[in-house]
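Worksheet: the structure to be examined is printed underneath.
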Amino acid sequence: MQVYFQGFGSTRALSGYSLQVAEKSSVAQVKTALIKATQDQEKYTGLDEILVATAFASETHVFDENDIISEDTIINLLPPVCGG
Amino acid sequence: MVANRYSAQQTLPEIGVAGQARIASSKILVVGCGGLAASVLPYLAAAGVGTITLIDNDVISISNLNRQVLFTESDLGLNKALILQQQLEKQNSAISIIALTEKFDLLNGIELAKAHDLVIDCTDSYSSKVTVNYCCIQTKTPLVFASVLGWDGQIALLTMQETADPCYKCFQKQAPQSINNCSMSGILGASVNLIGSHQATLTIQYLLGHIHNANFLYVFDLWNLEQRKFKLSKRHDCRFHEHNQNELNYINYSELPKLESYILIDIRTVAEWEKGHLPGAKHSSPGKLILAKQDYATTDNLVIYCNQDMLSQLVVENLQNLGYKAFVLKGGYAGYSKNV
């Protein structure tokens with residue numbers, strides 16, 4: 001199953017990135033797989049720490065980490081924004 | 001219709017005379033008086049929101065002036081809430097503006113949230129946002145959250161009325177270990193204004209009883225002027241919600257001897273502590289306890305109590321997340337006093 005990522009804010013560098021994950025993976029498993037896949041790549045340095053705190057969303061709603069991804073999909077990455 | 005100060009907005013069918021009366025009778029609390037507040041408040045005062053309470057203990061510095069546009073060079077060093085109060089009173093003398101120059105925290109936050117119809121979060125740090133969120137959940141006070149940094153903004157109206165309603169912690173479970181702020185990531189005043197004016201719109205819609213935009217996270221890419229919205233739901237393991245609080249460690253006073261050893265910590269105010277406290281307890285403020293956690297080993301049994309359970313639940317959650325063995329003393333000091 002292929003998951004495509006759309007990054008916002010500090011995760012924007014991951015827009016267009018895609019990952020092969022097992023069928024019926026949970027959102028938490030996809031998050032772990034994304035962190036593992038990117039943490040040793042220089043262009044994504046520091047993103048692992050942000051991804052831990054990032055909300056994952058479908059095209060319409062923010063996922064619970066227990067939600068199951070059952071088909072190829074786009075996941076939106078919504079990192080914390082803390083300023084004002 | 002005879003023209004009056006509000007006739008332009010009263011002409012909108014969603015407002016009208018009845019809607020204007022609702023706005024005029026509303027009481028809102030604005031936490032944080034920086035860039036977002038400087039954008040939100042003029043629109044709320046202009047719209048005739050009856051009572052606006054401002055709270056911030058911070059003072060104006062030169063680096064604030066690019067986005068906190070109600071302040072001038074002559075205001076440097078003065079309290080932000082007091083200066084905003086003066087500005088808004090000049091703008092609309094028919095409404096009531098209250099300025100509080102203290103920090104919004106768990107000690108004053110519950111009562112303040114309870115006393116208002118809605119809270120607007122204009123703070124600029126994750127820990128402040130979590131505190132505001134907690135006080136709103138505990139008091140079922142709706143919250144209009146916003147945040148902006150760099151070219152990114154987020155807004156949400158969180159209704160907080162039902163246990164199933166989402167809160168801020170449902171979508172921002174934790175902060176990265178090192179999170180940037182405005183001085184590190186940079187911020188443009190006009191970007192803050194755009195987010196703040198949307199925050200004001202959501203606030204007025206809620207006061208009018210229109211909640212079609214509630215419980216969505218609006219995400220803004222201010223560089224490309226794009227906006228997306230995502231439906232929010234309660235996170236299954238969000239401890240901030242009542243029915244998940246059993247995931248925290250609780251202990252009764254009578255059960256304390258069962259622990260091999262423990263450190264009993266009172267997190268009430270100093271005045272309350274001085275009036276009376278549990279035998280063998282130490283006193284600490286909630287913030288100091290969390291920040292000075294290195295005073296304790298992760299193997300220590302930390303038993304935390306407040307007046308009842310509210311503050312201690314939040315502190316214990318934080319300590320548990322940090323890897324400490326912390327317990328909420330059930331019923332707090334009130335429960336102990338009743339049984340002694």
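Every chain in the structure tokens has a letter given in the order shown (A, B, ...), and although residue numbers restart at 1 in each chain, ligands are simply numbered from 1 in the order shown.
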*Would you mind writing down, as a VMD selection string, each residue of segment 26-73 of chain A that DSSP on the backbone assigns to strand (DSSP E or B)?*
chain A and resid 26 55 to 57 61 to 62 68 to 69 73
I need the chosen residues saved as an mmCIF file, in the first residue's frame, with C-alpha atoms.
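Output (out.cif):
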data_model
loop_
_atom_site.group_PDB
_atom_site.id
_atom_site.type_symbol
_atom_site.label_atom_id
_atom_site.label_comp_id
_atom_site.auth_asym_id
_atom_site.auth_seq_id
_atom_site.Cartn_x
_atom_site.Cartn_y
_atom_site.Cartn_z
ATOM 1 C CA SER A 26 -2.487 2.177 11.765
ATOM 2 C CA ALA A 55 -0.999 15.490 13.574
ATOM 3 C CA PHE A 56 -1.751 13.284 10.556
ATOM 4 C CA ALA A 57 -4.865 14.060 8.530
ATOM 5 C CA HIS A 61 -10.265 15.074 8.907
ATOM 6 C CA VAL A 62 -7.512 14.747 11.479
ATOM 7 C CA ILE A 68 -6.395 2.215 10.071
ATOM 8 C CA ILE A 69 -5.227 3.145 6.594
ATOM 9 C CA THR A 73 -3.979 7.534 0.247
#
Do you have, as a tab-separated table, the list of residues of segment 88-193 of chain B lying at most 12 Å from segment 6-24 of chain B, each with its nearest atom pair and that distance in Å to one decimal, counting only C-alpha atoms and ordered by chain then number?
residue	atom	partner	partner_atom	distance
B:Asn92	CA	B:Tyr6	CA	11.4
B:Ala94	CA	B:Ala24	CA	9.6
B:Ile95	CA	B:Ala24	CA	8.0
B:Ser96	CA	B:Ala24	CA	10.1
B:Asp117	CA	B:Ile23	CA	10.8
B:Leu118	CA	B:Ile23	CA	11.8
_Best match for closeness to chain A among B:Ser93, B:Asn193, B:Ser25, B:Ser74, counting only C-alpha atoms_ =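 Result for the nearest residue to chain A: B:Asn193.
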_Expected answer as a list of chain:residue names: chain A residues within 7 Å of chain B, only C-alpha atoms_ =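 Close enough to count are A:Gly9, A:Glu49, A:Ile50, A:Ala53, A:Ala55, A:Thr60, A:His61, A:Val62, A:Asp64, A:Pro80, A:Val81, A:Cys82, A:Gly83, A:Gly84.
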Put those residues in a file: C-alpha atoms, as a short mmCIF file (atom, residue, chain, number, x, y, z; two decimals), in the first residue's frame.
data_model
loop_
_atom_site.label_atom_id
_atom_site.label_comp_id
_atom_site.auth_asym_id
_atom_site.auth_seq_id
_atom_site.Cartn_x
_atom_site.Cartn_y
_atom_site.Cartn_z
CA GLY A 9 4.67 24.41 7.83
CA GLU A 49 11.45 15.39 16.32
CA ILE A 50 8.75 17.48 14.65
CA ALA A 53 4.40 15.89 17.51
CA ALA A 55 -1.00 15.49 13.57
CA THR A 60 -11.06 15.88 5.29
CA HIS A 61 -10.26 15.07 8.91
CA VAL A 62 -7.51 14.75 11.48
CA ASP A 64 -6.68 9.36 15.54
CA PRO A 80 2.42 22.26 15.80
CA VAL A 81 2.46 26.00 15.18
CA CYS A 82 3.14 27.92 18.38
CA GLY A 83 3.43 31.66 17.93
CA GLY A 84 1.43 34.82 17.81
#
*So which bits of segment 49-278 of chain B end up alpha helix (DSSP H) when you DSSP the backbone, as a ChimeraX atom specification?*
/B:80-91,106-114,126-139,168-171,182-185,189-207,270-275
_So that I can see what lies close to Asn133 of chain B, please list as a ChimeraX atom specification the residues with an atom at most 9 Å from it, counting only C-alpha atoms and leaving out residues fewer than 4 positions away in the same chain._
/B:121,128-129,137-138,143,145,167-169,240
*asked:* Set the distance at 9 Å and use only C-alpha atoms: which residues neighbour Leu34 of chain A once local chain neighbours fewer than 3 positions away are removed? I'd like the list as a list in words.
replied: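 Those residues are Ser18, Leu19, Gln29, Val30, Lys31, Ala37, Thr38, Gln39, Asp48 and Leu51 of chain A.
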Include C-alpha atoms and write out the residues we just selected as a short mmCIF file (atom, residue, chain, number, x, y, z; two decimals), in the first residue's frame.
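What ended up in part.cif:
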data_model
loop_
_atom_site.label_atom_id
_atom_site.label_comp_id
_atom_site.auth_asym_id
_atom_site.auth_seq_id
_atom_site.Cartn_x
_atom_site.Cartn_y
_atom_site.Cartn_z
CA SER A 18 5.76 8.62 -0.54
CA LEU A 19 6.19 5.43 1.41
CA GLN A 29 2.54 2.70 12.42
CA VAL A 30 2.67 4.98 9.38
CA LYS A 31 4.11 7.74 11.54
CA ALA A 37 12.54 6.29 6.58
CA THR A 38 13.52 9.95 6.79
CA GLN A 39 15.64 10.33 9.91
CA ASP A 48 11.95 13.35 13.17
CA LEU A 51 7.01 14.43 13.16
#
_Given only C-alpha atoms as the counted atoms, nearest of A:Met1, A:Ser58, A:Phe8, A:Val52 to Ala28 of chain A_ = A:Val52
*asked:* At a cut-off of 12 Å, using only C-alpha atoms, what residues contact Leu248 of chain B? Leave out same-chain residues fewer than 3 positions from it and give the result as number ranges by chain.
replied: B: 237-245, 251, 303-304, 309, 312-321, 324-330
*For Glu71 of chain A, list every protein, DNA or RNA residue within 12 Å, evaluated using only C-alpha atoms, and leave out those in the same chain fewer than 6 positions away; present the list as an MDAnalysis selection string.*
chainID A and resid 1:4 20:26 58
With C-alpha atoms retained, write the just-selected residues as a PDB file, in the first residue's frame.
ATOM      1  CA  MET A   1       0.000   0.000   0.000  1.00  0.00           C
ATOM      2  CA  GLN A   2       1.403   3.413  -0.971  1.00  0.00           C
ATOM      3  CA  VAL A   3       1.004   6.501   1.210  1.00  0.00           C
ATOM      4  CA  TYR A   4       1.711   9.961  -0.190  1.00  0.00           C
ATOM      5  CA  GLN A  20       5.276   1.768   0.985  1.00  0.00           C
ATOM      6  CA  VAL A  21       3.578   0.478   4.144  1.00  0.00           C
ATOM      7  CA  ALA A  22       1.851  -2.774   5.085  1.00  0.00           C
ATOM      8  CA  GLU A  23      -1.860  -3.207   4.313  1.00  0.00           C
ATOM      9  CA  LYS A  24      -4.128  -2.002   7.132  1.00  0.00           C
ATOM     10  CA  SER A  25      -1.393  -0.088   8.952  1.00  0.00           C
ATOM     11  CA  SER A  26      -2.487   2.177  11.765  1.00  0.00           C
ATOM     12  CA  SER A  58      -6.783  12.711   5.556  1.00  0.00           C
TER      13      SER A  58
END
_d(atom CA of Leu311 of chain B, atom CA of Asp165 of chain B) in Å_ = 21.2 Å
*What is the distance between atom CA of Val59 of chain B and atom CA of Cys135 of chain B, in Å to one decimal?*
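Going from atom CA of Val59 of chain B over to atom CA of Cys135 of chain B, I get 24.0 Å.
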*Excluding Leu78 of chain B and any residue of its chain fewer than 5 positions from it, enumerate the residues within 12 Å of it, using only C-alpha atoms, and give them as an MDAnalysis selection string.*
chainID B and resid 56:62 71:73 83:84 86 101
*From the list B:Leu76, B:Ile55, B:Ile120, B:Leu65, which residue is nearest Ile28 of chain B when using only C-alpha atoms?*
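That would be B:Ile120, the residue with the smallest distance to Ile28 of chain B.
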_For a quick check of understanding, using only C-alpha atoms, which of A:Glu59, A:Gly46, A:Ile35, A:Gln41 has the smallest distance to Ser10 of chain A?_
A:Gly46
*Provide the atom CA of Lys103 of chain B to atom CA of Lys288 of chain B distance in Å, to one decimal place.*
14.4 Å
